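S.K.: Supplied structure: my_file19.cif, mmCIF, C-alpha atoms.
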data_final
loop_
_atom_site.label_atom_id
_atom_site.label_comp_id
_atom_site.auth_asym_id
_atom_site.auth_seq_id
_atom_site.Cartn_x
_atom_site.Cartn_y
_atom_site.Cartn_z
CA MET A 1 0.00 0.00 0.00
CA LYS A 2 2.84 2.39 0.81
CA HIS A 3 4.41 1.68 -2.57
CA ASP A 4 1.12 2.33 -4.38
CA ARG A 5 0.61 5.66 -2.61
CA LEU A 6 4.17 6.81 -3.31
CA MET A 7 4.06 5.84 -6.98
CA LYS A 8 0.68 7.51 -7.52
CA LYS A 9 1.88 10.71 -5.86
CA LEU A 10 5.09 10.73 -7.92
CA ILE A 11 3.26 10.28 -11.22
CA LYS A 12 0.57 12.85 -10.39
CA GLU A 13 3.08 15.41 -9.12
CA PHE A 14 5.31 15.04 -12.18
CA PHE A 15 2.88 13.66 -14.76
CA GLU A 16 4.25 15.54 -17.78
CA GLU A 17 7.84 14.71 -16.84
CA PHE A 18 6.92 11.05 -16.30
CA ILE A 19 5.42 10.74 -19.78
CA GLU A 20 8.26 12.72 -21.36
CA GLY A 21 10.96 10.65 -19.68
CA PHE A 22 9.60 7.17 -20.35
CA PHE A 23 7.07 7.44 -23.18
CA PRO A 24 8.39 10.08 -25.59
CA GLY A 25 6.31 8.67 -28.45
CA LEU A 26 3.12 9.43 -26.51
CA TYR A 27 4.45 12.71 -25.12
CA SER A 28 4.68 14.40 -28.51
CA TYR A 29 0.91 14.08 -29.08
CA ILE A 30 -0.28 15.57 -25.78
CA ASP A 31 -1.15 19.13 -24.81
CA PHE A 32 -0.13 19.24 -21.12
CA SER A 33 -1.55 22.71 -20.50
CA ASN A 34 -4.73 21.15 -19.13
CA VAL A 35 -4.47 17.79 -17.38
CA THR A 36 -7.38 16.57 -15.26
CA PHE A 37 -7.09 13.63 -12.89
CA LEU A 38 -10.37 11.74 -12.55
CA GLU A 39 -10.81 10.57 -8.97
CA GLN A 40 -12.75 7.70 -7.42
CA GLU A 41 -12.60 5.51 -10.50
CA VAL A 42 -13.55 2.02 -9.31
CA TYR A 43 -13.75 -1.30 -11.08
CA LEU A 44 -16.24 -3.73 -9.58
CA ASP A 45 -15.29 -7.41 -9.84
CA TYR A 46 -18.69 -9.03 -10.23
CA PHE A 47 -17.33 -12.51 -9.67
CA GLU A 48 -15.11 -12.02 -6.62
CA GLY A 49 -17.06 -9.15 -5.10
CA PRO A 50 -14.52 -6.52 -3.91
CA LYS A 51 -14.09 -3.12 -5.49
CA LYS A 52 -10.67 -2.23 -6.84
CA GLU A 53 -9.44 1.33 -7.24
CA ILE A 54 -7.79 2.25 -10.49
CA ASP A 55 -4.44 3.91 -9.78
CA ILE A 56 -4.40 6.97 -12.06
CA LEU A 57 -6.75 8.14 -14.79
CA ALA A 58 -5.80 11.40 -16.48
CA ALA A 59 -7.83 13.25 -19.10
CA VAL A 60 -5.65 15.20 -21.58
CA LYS A 61 -6.13 17.02 -24.86
CA LEU A 62 -4.27 16.12 -28.01
CA HIS A 63 -2.29 18.69 -29.95
CA HIS A 64 -4.23 20.33 -32.81
CA GLU A 65 -7.25 18.11 -32.21
CA ASP A 66 -10.49 18.69 -30.38
CA LYS A 67 -10.22 15.27 -28.81
CA ILE A 68 -9.84 13.99 -25.24
CA LEU A 69 -7.52 11.09 -24.47
CA HIS A 70 -7.66 9.19 -21.19
CA ILE A 71 -4.34 7.86 -19.88
CA HIS A 72 -4.76 5.02 -17.41
CA THR A 73 -1.59 4.26 -15.42
CA GLU A 74 -1.44 1.20 -13.21
CA ALA A 75 1.48 0.64 -10.80
CA GLN A 76 2.33 -2.96 -9.96
CA SER A 77 4.85 -3.84 -7.23
CA THR A 78 4.41 -7.64 -7.26
CA HIS A 79 4.32 -10.12 -10.11
CA GLU A 80 0.87 -11.46 -10.99
CA ALA A 81 0.35 -13.90 -13.84
CA ASP A 82 -3.08 -12.48 -14.65
CA PHE A 83 -2.00 -8.83 -14.67
CA PRO A 84 -2.44 -8.41 -18.49
CA GLU A 85 -6.02 -9.67 -18.16
CA ARG A 86 -6.65 -7.21 -15.32
CA MET A 87 -5.34 -4.36 -17.46
CA PHE A 88 -7.87 -5.36 -20.13
CA LEU A 89 -10.72 -5.54 -17.63
CA TYR A 90 -9.87 -2.06 -16.33
CA PHE A 91 -9.76 -0.81 -19.91
CA SER A 92 -13.16 -2.36 -20.68
CA TYR A 93 -14.72 -0.82 -17.59
CA LEU A 94 -13.30 2.63 -18.27
CA TYR A 95 -14.30 2.62 -21.92
CA ALA A 96 -17.83 1.47 -21.12
CA LYS A 97 -18.14 4.31 -18.60
CA HIS A 98 -16.53 7.20 -20.51
CA ARG A 99 -16.53 6.21 -24.19
CA LYS A 100 -13.17 7.96 -24.66
CA PRO A 101 -10.01 6.62 -26.29
CA ILE A 102 -7.69 5.20 -23.61
CA GLN A 103 -3.93 4.75 -23.51
CA PRO A 104 -3.12 2.13 -20.83
CA ILE A 105 0.29 2.18 -19.13
CA ALA A 106 1.71 -0.41 -16.71
CA VAL A 107 4.52 0.58 -14.32
CA LEU A 108 6.22 -2.55 -12.98
CA SER A 109 8.65 -2.12 -10.09
CA TYR A 110 9.22 -5.67 -8.84
CA ASN A 111 12.51 -7.48 -9.29
CA ARG A 112 12.04 -10.07 -12.02
CA GLU A 113 14.46 -10.95 -14.81
CA GLN A 114 11.86 -12.06 -17.34
CA GLU A 115 10.51 -9.57 -19.84
CA GLU A 116 6.89 -8.96 -18.90
CA PRO A 117 4.10 -9.05 -21.53
CA THR A 118 2.42 -5.95 -22.93
CA GLN A 119 -0.74 -7.52 -24.29
CA PHE A 120 -3.71 -9.70 -23.51
CA LYS A 121 -4.99 -12.07 -26.22
CA MET A 122 -8.16 -14.04 -26.65
CA ASN A 123 -8.39 -16.70 -29.33
CA THR A 124 -11.06 -19.12 -30.52
CA PRO A 125 -10.42 -22.06 -32.88
CA PRO A 126 -11.31 -20.13 -36.04
CA GLN A 127 -9.77 -16.74 -35.22
CA GLU A 128 -7.96 -14.34 -32.95
CA VAL A 129 -10.84 -12.54 -31.26
CA LEU A 130 -8.85 -9.96 -29.29
CA GLN A 131 -5.38 -8.49 -28.97
CA PHE A 132 -5.27 -5.78 -26.31
CA ASN A 133 -1.97 -3.84 -26.01
CA TYR A 134 -0.60 -1.47 -23.40
CA LEU A 135 2.59 0.49 -22.81
CA LYS A 136 4.95 -0.80 -20.15
CA LEU A 137 7.66 0.63 -17.91
CA GLN A 138 9.54 -2.29 -16.36
CA LEU A 139 11.88 -0.40 -14.05
CA ARG A 140 14.33 -3.21 -13.34
CA LYS A 141 15.00 -3.46 -17.07
CA LYS A 142 16.01 0.19 -17.27
CA ASN A 143 19.67 1.22 -17.24
CA TRP A 144 19.92 4.02 -14.66
CA ARG A 145 22.94 5.54 -16.40
CA GLU A 146 20.79 6.52 -19.40
CA TYR A 147 18.84 9.02 -17.27
CA ILE A 148 21.48 10.79 -15.16
CA LYS A 149 22.14 13.55 -17.71
CA SER A 150 18.49 14.59 -17.70
CA ASP A 151 16.78 17.09 -15.39
CA ASN A 152 13.68 14.94 -15.13
CA PRO A 153 12.40 14.66 -11.51
CA ALA A 154 10.35 11.51 -12.18
CA ALA A 155 13.40 9.77 -13.66
CA ALA A 156 15.56 10.95 -10.73
CA ALA A 157 13.23 9.40 -8.15
CA LEU A 158 12.87 6.17 -10.14
CA LEU A 159 16.64 5.65 -10.39
CA SER A 160 16.19 3.99 -7.01
CA GLN A 161 14.15 1.18 -8.58
CA MET A 162 16.04 0.67 -11.83
CA GLY A 163 18.46 -2.11 -12.70
CA TYR A 164 21.63 -1.16 -10.84
CA GLU A 165 24.14 -3.63 -9.39
CA GLU A 166 24.79 -3.83 -5.64
CA HIS A 167 28.22 -2.24 -6.00
CA GLU A 168 26.67 0.73 -7.85
CA ARG A 169 24.42 1.84 -4.98
CA VAL A 170 26.71 4.68 -3.85
CA GLN A 171 27.10 6.02 -7.39
CA VAL A 172 23.34 5.87 -8.02
CA LYS A 173 22.70 7.94 -4.88
CA LEU A 174 25.34 10.48 -5.84
CA GLU A 175 23.96 10.85 -9.36
CA PHE A 176 20.46 11.29 -7.94
CA LEU A 177 21.71 14.17 -5.76
CA ARG A 178 23.46 15.75 -8.73
CA MET A 179 20.28 15.49 -10.80
CA ILE A 180 18.02 17.21 -8.31
CA THR A 181 20.46 20.11 -7.84
CA ARG A 182 19.81 21.04 -11.49
CA MET A 183 16.01 21.05 -11.18
CA LYS A 184 13.79 24.08 -10.73
CA ILE A 185 11.37 22.59 -8.22
CA ASN A 186 9.99 23.87 -4.95
CA PRO A 187 11.23 22.71 -1.50
CA ALA A 188 8.20 20.45 -0.93
CA GLN A 189 8.81 18.66 -4.24
CA MET A 190 12.51 18.37 -3.42
CA GLU A 191 11.70 16.81 -0.06
CA PHE A 192 9.25 14.37 -1.66
CA LEU A 193 11.77 13.25 -4.30
CA TYR A 194 14.42 12.69 -1.64
CA GLY A 195 12.00 10.74 0.55
CA TYR A 196 10.86 8.63 -2.40
CA PHE A 197 14.43 7.78 -3.37
CA GLU A 198 15.44 6.88 0.18
CA THR A 199 12.44 4.55 0.52
CA TYR A 200 13.95 2.24 -2.09
CA LEU A 201 17.68 2.99 -1.90
CA LYS A 202 18.94 4.03 1.53
CA LEU A 203 22.69 3.82 2.00
CA ASN A 204 24.20 2.45 5.18
CA LYS A 205 26.73 4.41 7.22
CA GLU A 206 29.72 2.94 5.40
CA GLU A 207 28.19 3.65 1.98
CA GLU A 208 27.36 7.22 2.96
CA ALA A 209 31.00 7.74 3.95
CA GLN A 210 32.04 6.40 0.52
CA MET A 211 29.67 8.85 -1.12
CA MET A 212 31.20 11.74 0.80
CA GLU A 213 34.61 10.73 -0.55
CA LYS A 214 33.20 10.70 -4.10
CA MET A 215 31.75 14.18 -3.55
CA GLU A 216 35.26 15.53 -3.09
CA ASN A 217 35.89 14.87 -6.79
CA LEU A 218 32.90 16.96 -7.92
CA PRO A 219 33.42 20.46 -9.33
CA GLU A 220 33.53 22.90 -6.41
CA GLU A 221 30.36 24.76 -7.41
CA GLU A 222 28.36 21.53 -7.83
CA LYS A 223 29.73 20.07 -4.58
CA GLU A 224 28.60 23.14 -2.67
CA VAL A 225 25.02 22.77 -3.93
CA VAL A 226 24.91 19.01 -3.25
CA LEU A 227 26.10 19.52 0.31
CA GLN A 228 23.17 21.85 0.95
CA LEU A 229 20.67 19.08 0.20
CA PRO A 230 19.00 16.99 2.91
CA ASN A 231 21.15 13.94 3.38
CA SER A 232 20.76 10.98 5.68
CA TYR A 233 24.52 11.04 6.33
CA PHE A 234 24.38 14.61 7.63
CA GLU A 235 21.14 14.02 9.49
CA ARG A 236 22.56 10.94 11.17
CA GLY A 237 25.67 12.88 12.21
CA LYS A 238 23.50 15.65 13.61
CA GLN A 239 21.41 13.15 15.59
CA GLU A 240 24.50 11.42 16.90
CA GLY A 241 25.83 14.80 18.03
CA ILE A 242 22.60 15.58 19.87
CA GLU A 243 22.60 12.20 21.59
CA GLU A 244 26.25 12.60 22.54
CA GLY A 245 25.49 16.01 24.05
CA ILE A 246 22.59 14.63 26.08
CA GLU A 247 24.75 11.78 27.37
CA LYS A 248 27.54 14.14 28.36
CA GLY A 249 25.07 16.36 30.23
CA LYS A 250 23.69 13.39 32.18
CA GLN A 251 27.19 12.33 33.18
CA GLU A 252 27.92 15.83 34.50
CA VAL A 253 24.77 15.68 36.65
CA VAL A 254 25.84 12.30 38.06
CA LEU A 255 29.28 13.65 38.98
CA LYS A 256 27.81 16.72 40.68
CA LEU A 257 25.48 14.57 42.77
CA LEU A 258 28.38 12.30 43.74
CA ALA A 259 30.39 15.36 44.79
CA LYS A 260 27.52 16.38 47.08
CA GLY A 261 27.68 12.97 48.74
CA MET A 262 24.35 11.64 47.49
CA PRO A 263 24.07 7.82 47.75
CA ILE A 264 24.59 5.96 44.48
CA SER A 265 21.18 4.24 44.78
CA GLU A 266 19.41 7.62 44.87
CA ILE A 267 21.45 8.97 41.94
CA ALA A 268 20.50 5.88 39.93
CA GLU A 269 16.83 6.52 40.66
CA ILE A 270 17.03 10.18 39.60
CA THR A 271 19.18 9.81 36.47
CA GLU A 272 18.04 6.32 35.36
CA TYR A 273 21.71 5.32 35.21
CA SER A 274 22.59 1.86 36.54
CA GLU A 275 24.50 1.78 39.83
CA ALA A 276 27.35 -0.02 38.04
CA ALA A 277 27.61 2.82 35.49
CA ILE A 278 27.62 5.43 38.28
CA GLU A 279 30.36 3.57 40.15
CA LYS A 280 32.39 3.44 36.93
CA LEU A 281 32.01 7.20 36.47
CA ALA A 282 33.02 7.78 40.09
CA GLY A 283 36.10 5.60 39.59
CA LYS A 284 37.17 7.58 36.48
CA GLU A 285 36.74 10.86 38.36
CA THR A 286 39.08 9.76 41.17
CA GLU A 287 41.75 8.32 38.88
#
Show the structure stored in the file as structure tokens.
M.R.:
Amino acid sequence: MKHDRLMKKLIKEFFEEFIEGFFPGLYSYIDFSNVTFLEQEVYLDYFEGPKKEIDILAAVKLHHEDKILHIHTEAQSTHEADFPERMFLYFSYLYAKHRKPIQPIAVLSYNREQEEPTQFKMNTPPQEVLQFNYLKLQLRKKNWREYIKSDNPAAAALLSQMGYEEHERVQVKLEFLRMITRMKINPAQMEFLYGYFETYLKLNKEEEAQMMEKMENLPEEEKEVVLQLPNSYFERGKQEGIEEGIEKGKQEVVLKLLAKGMPISEIAEITEYSEAAIEKLAGKETE
């Protein structure tokens, strides 16, 4: 559910950039000056009973045509064998309701080596009755290096789910930071992109240190901008500093109470230090 919410927010927030970055053939036909997201679109499964929400349905105008196109985007985070059939059922429901041309798009973010299908077929002995096609973005099949020269915020966030190797994690994070420094987006959008990326690719302490070393090789002007960004390495250091300060303050209180002759048992009760820890502090003080 968290994945679905994040993906829907990303695509809605940067809808034009998402289409431009991953479906340039579709992008060239669309007038993005007026995009309307149709809410509360629900497909009712008459056989199994439950209602299923459609992820994103956008109404757009086509260039030089007085025609509305609906773009249905479905995000899928787990492999399902019947997913192509479900895409067709969604399509059928939406077309029956709106009677508008529909471009279906599937965004697949799960880790699977096989190339996923982009169509649903129905055949009878004498003929092929149906061939339903949809566009597909299979993130794990994408080479992250092909997107790092762009200023596309949707592509930057989705680097975290593309097909990088384990040893490339540090470089992917660094390139993401470099990408977002070039973008003209507001602070809320910047924070969302960073949070999205870190949900799927969060470096450990050792990897963050490696990234800091790599930053030293960046041009000075670019390095200065990158260092101003929110960064889990800096935030962790700040938190560790705060915790260290709190700990030091508590130790000073313990030593003052010892100097006043207060019994160790009472000091332990007040400070929530163990008696053994207090005795150790007292021993260091007298050394």
S.K.: So which residues get picked by the PyMOL selection byres ((chain A and resi 173) around 12) here, written as an MDAnalysis selection string?
M.R.: chainID A and resid 144:145 148 156:161 164 166:172 174:180 194 197:198 200:204 207:208 210:212 214:215 226 231:233
S.K.: Can you pull out every residue within 10 Å of range 101-103 of chain A, counting all atoms listed in the file, but drop anything in the same chain fewer than 6 positions away, and send it as a compact mmCIF listing (two decimals) with C-alpha atoms, keeping the file's coordinate frame?
M.R.:
# COMPACT_ATOMS: atom_id res chain seq x y z
CA LEU A 26 3.12 9.43 -26.51
CA LEU A 57 -6.75 8.14 -14.79
CA ALA A 58 -5.80 11.40 -16.48
CA ALA A 59 -7.83 13.25 -19.10
CA LYS A 67 -10.22 15.27 -28.81
CA ILE A 68 -9.84 13.99 -25.24
CA LEU A 69 -7.52 11.09 -24.47
CA HIS A 70 -7.66 9.19 -21.19
CA ILE A 71 -4.34 7.86 -19.88
CA HIS A 72 -4.76 5.02 -17.41
CA THR A 73 -1.59 4.26 -15.42
CA PHE A 91 -9.76 -0.81 -19.91
CA SER A 92 -13.16 -2.36 -20.68
CA LEU A 94 -13.30 2.63 -18.27
CA TYR A 95 -14.30 2.62 -21.92
CA ASN A 133 -1.97 -3.84 -26.01
CA TYR A 134 -0.60 -1.47 -23.40
CA LEU A 135 2.59 0.49 -22.81
S.K.: What gap, in Å, lies between CA of Gln131 in chain A and CA of Leu89 in chain A?
M.R.: 12.9 Å
S.K.: Counting all atoms listed in the file, which of A:Phe18, A:Phe23, A:Phe192, A:Phe32 gets nearest to Leu62 in chain A?
M.R.: A:Phe32
S.K.: At a cut-off of 8 Å around the point (8.9, -6.6, -4.7) (file coordinates), what residues fall inside when counting all atoms listed in the file? I'd like the answer as number ranges by chain.
M.R.: A: 77-79, 109-111
S.K.: Applied to the shown file, which residues does the PyMOL selection byres ((chain A and resi 6) around 12) return, written as a PyMOL selection string?
M.R.: chain A and resi 1-5+7-13+55+75-77+154+157-158+192-200
S.K.: Find the residues near Glu20 in chain A: any atom within 10 Å, counting only C-alpha atoms, skip ones fewer than 5 places away on the same chain, and give them as a PDB file with C-alpha atoms, in the coordinates of the input.
M.R.:
ATOM      1  CA  PHE A  14       5.310  15.040 -12.180  1.00  0.00           C
ATOM      2  CA  PHE A  15       2.880  13.660 -14.760  1.00  0.00           C
ATOM      3  CA  GLY A  25       6.310   8.670 -28.450  1.00  0.00           C
ATOM      4  CA  LEU A  26       3.120   9.430 -26.510  1.00  0.00           C
ATOM      5  CA  TYR A  27       4.450  12.710 -25.120  1.00  0.00           C
ATOM      6  CA  SER A  28       4.680  14.400 -28.510  1.00  0.00           C
ATOM      7  CA  ASN A 152      13.680  14.940 -15.130  1.00  0.00           C
ATOM      8  CA  ALA A 154      10.350  11.510 -12.180  1.00  0.00           C
ATOM      9  CA  ALA A 155      13.400   9.770 -13.660  1.00  0.00           C
TER      10      ALA A 155
END
S.K.: CA of Lys141 in chain A and CA of Pro117 in chain A are how many Å apart?
M.R.: 13.0 Å
S.K.: Around all of range 2-15 of chain A's listed atoms, make the axis-aligned box with 6 Å on each side and tell me centre and edge lengths in Å to one decimal, as lines of an AutoDock Vina configuration file.
M.R.:
center_x = 2.9
center_y = 8.5
center_z = -7.0
size_x = 16.7
size_y = 25.7
size_z = 27.6
S.K.: One decimal, Å: what's the distance from CA of Lys149 in chain A over to CA of Tyr29 in chain A, could you say?
M.R.: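 Between CA of Lys149 in chain A and CA of Tyr29 in chain A the gap is 24.1 Å.
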S.K.: Can you translate the PyMOL selection byres ((chain A and resi 265) around 12) into the concrete residues it hits in this file, as number ranges by chain?
M.R.: A: 254, 257-258, 261-264, 266-279
S.K.: Next, the residues of the selection above should be written as an mmCIF file, keeping the file's coordinate frame with C-alpha atoms.
M.R.:
data_model
loop_
_atom_site.group_PDB
_atom_site.id
_atom_site.type_symbol
_atom_site.label_atom_id
_atom_site.label_comp_id
_atom_site.auth_asym_id
_atom_site.auth_seq_id
_atom_site.Cartn_x
_atom_site.Cartn_y
_atom_site.Cartn_z
ATOM 1 C CA VAL A 254 25.840 12.300 38.060
ATOM 2 C CA LEU A 257 25.480 14.570 42.770
ATOM 3 C CA LEU A 258 28.380 12.300 43.740
ATOM 4 C CA GLY A 261 27.680 12.970 48.740
ATOM 5 C CA MET A 262 24.350 11.640 47.490
ATOM 6 C CA PRO A 263 24.070 7.820 47.750
ATOM 7 C CA ILE A 264 24.590 5.960 44.480
ATOM 8 C CA GLU A 266 19.410 7.620 44.870
ATOM 9 C CA ILE A 267 21.450 8.970 41.940
ATOM 10 C CA ALA A 268 20.500 5.880 39.930
ATOM 11 C CA GLU A 269 16.830 6.520 40.660
ATOM 12 C CA ILE A 270 17.030 10.180 39.600
ATOM 13 C CA THR A 271 19.180 9.810 36.470
ATOM 14 C CA GLU A 272 18.040 6.320 35.360
ATOM 15 C CA TYR A 273 21.710 5.320 35.210
ATOM 16 C CA SER A 274 22.590 1.860 36.540
ATOM 17 C CA GLU A 275 24.500 1.780 39.830
ATOM 18 C CA ALA A 276 27.350 -0.020 38.040
ATOM 19 C CA ALA A 277 27.610 2.820 35.490
ATOM 20 C CA ILE A 278 27.620 5.430 38.280
ATOM 21 C CA GLU A 279 30.360 3.570 40.150
#
S.K.: Give the answer as one residue: which of A:Tyr147, A:Thr181, A:Leu255, A:Val60 has the shortest atom-to-atom distance to Gln228 in chain A, using all atoms listed in the file?
M.R.: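 Nearest candidate to Gln228 in chain A out of A:Tyr147, A:Thr181, A:Leu255, A:Val60: A:Thr181.
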S.K.: Around the point (-2.3, -11.0, -17.2) (coordinates from the file), which residues reach within 10 Å if we count all atoms listed in the file? Answer as a list in words.
M.R.: His79, Glu80, Ala81, Asp82, Phe83, Pro84, Glu85, Arg86, Met87, Phe88, Glu116, Pro117, Thr118, Gln119, Phe120 and Lys121 of chain A
S.K.: Kindly indicate which residue among A:Val225, A:Ile19, A:Val35, A:Leu281 lies nearest to Ile105 in chain A, using all atoms listed in the file for the distances.
M.R.: A:Ile19
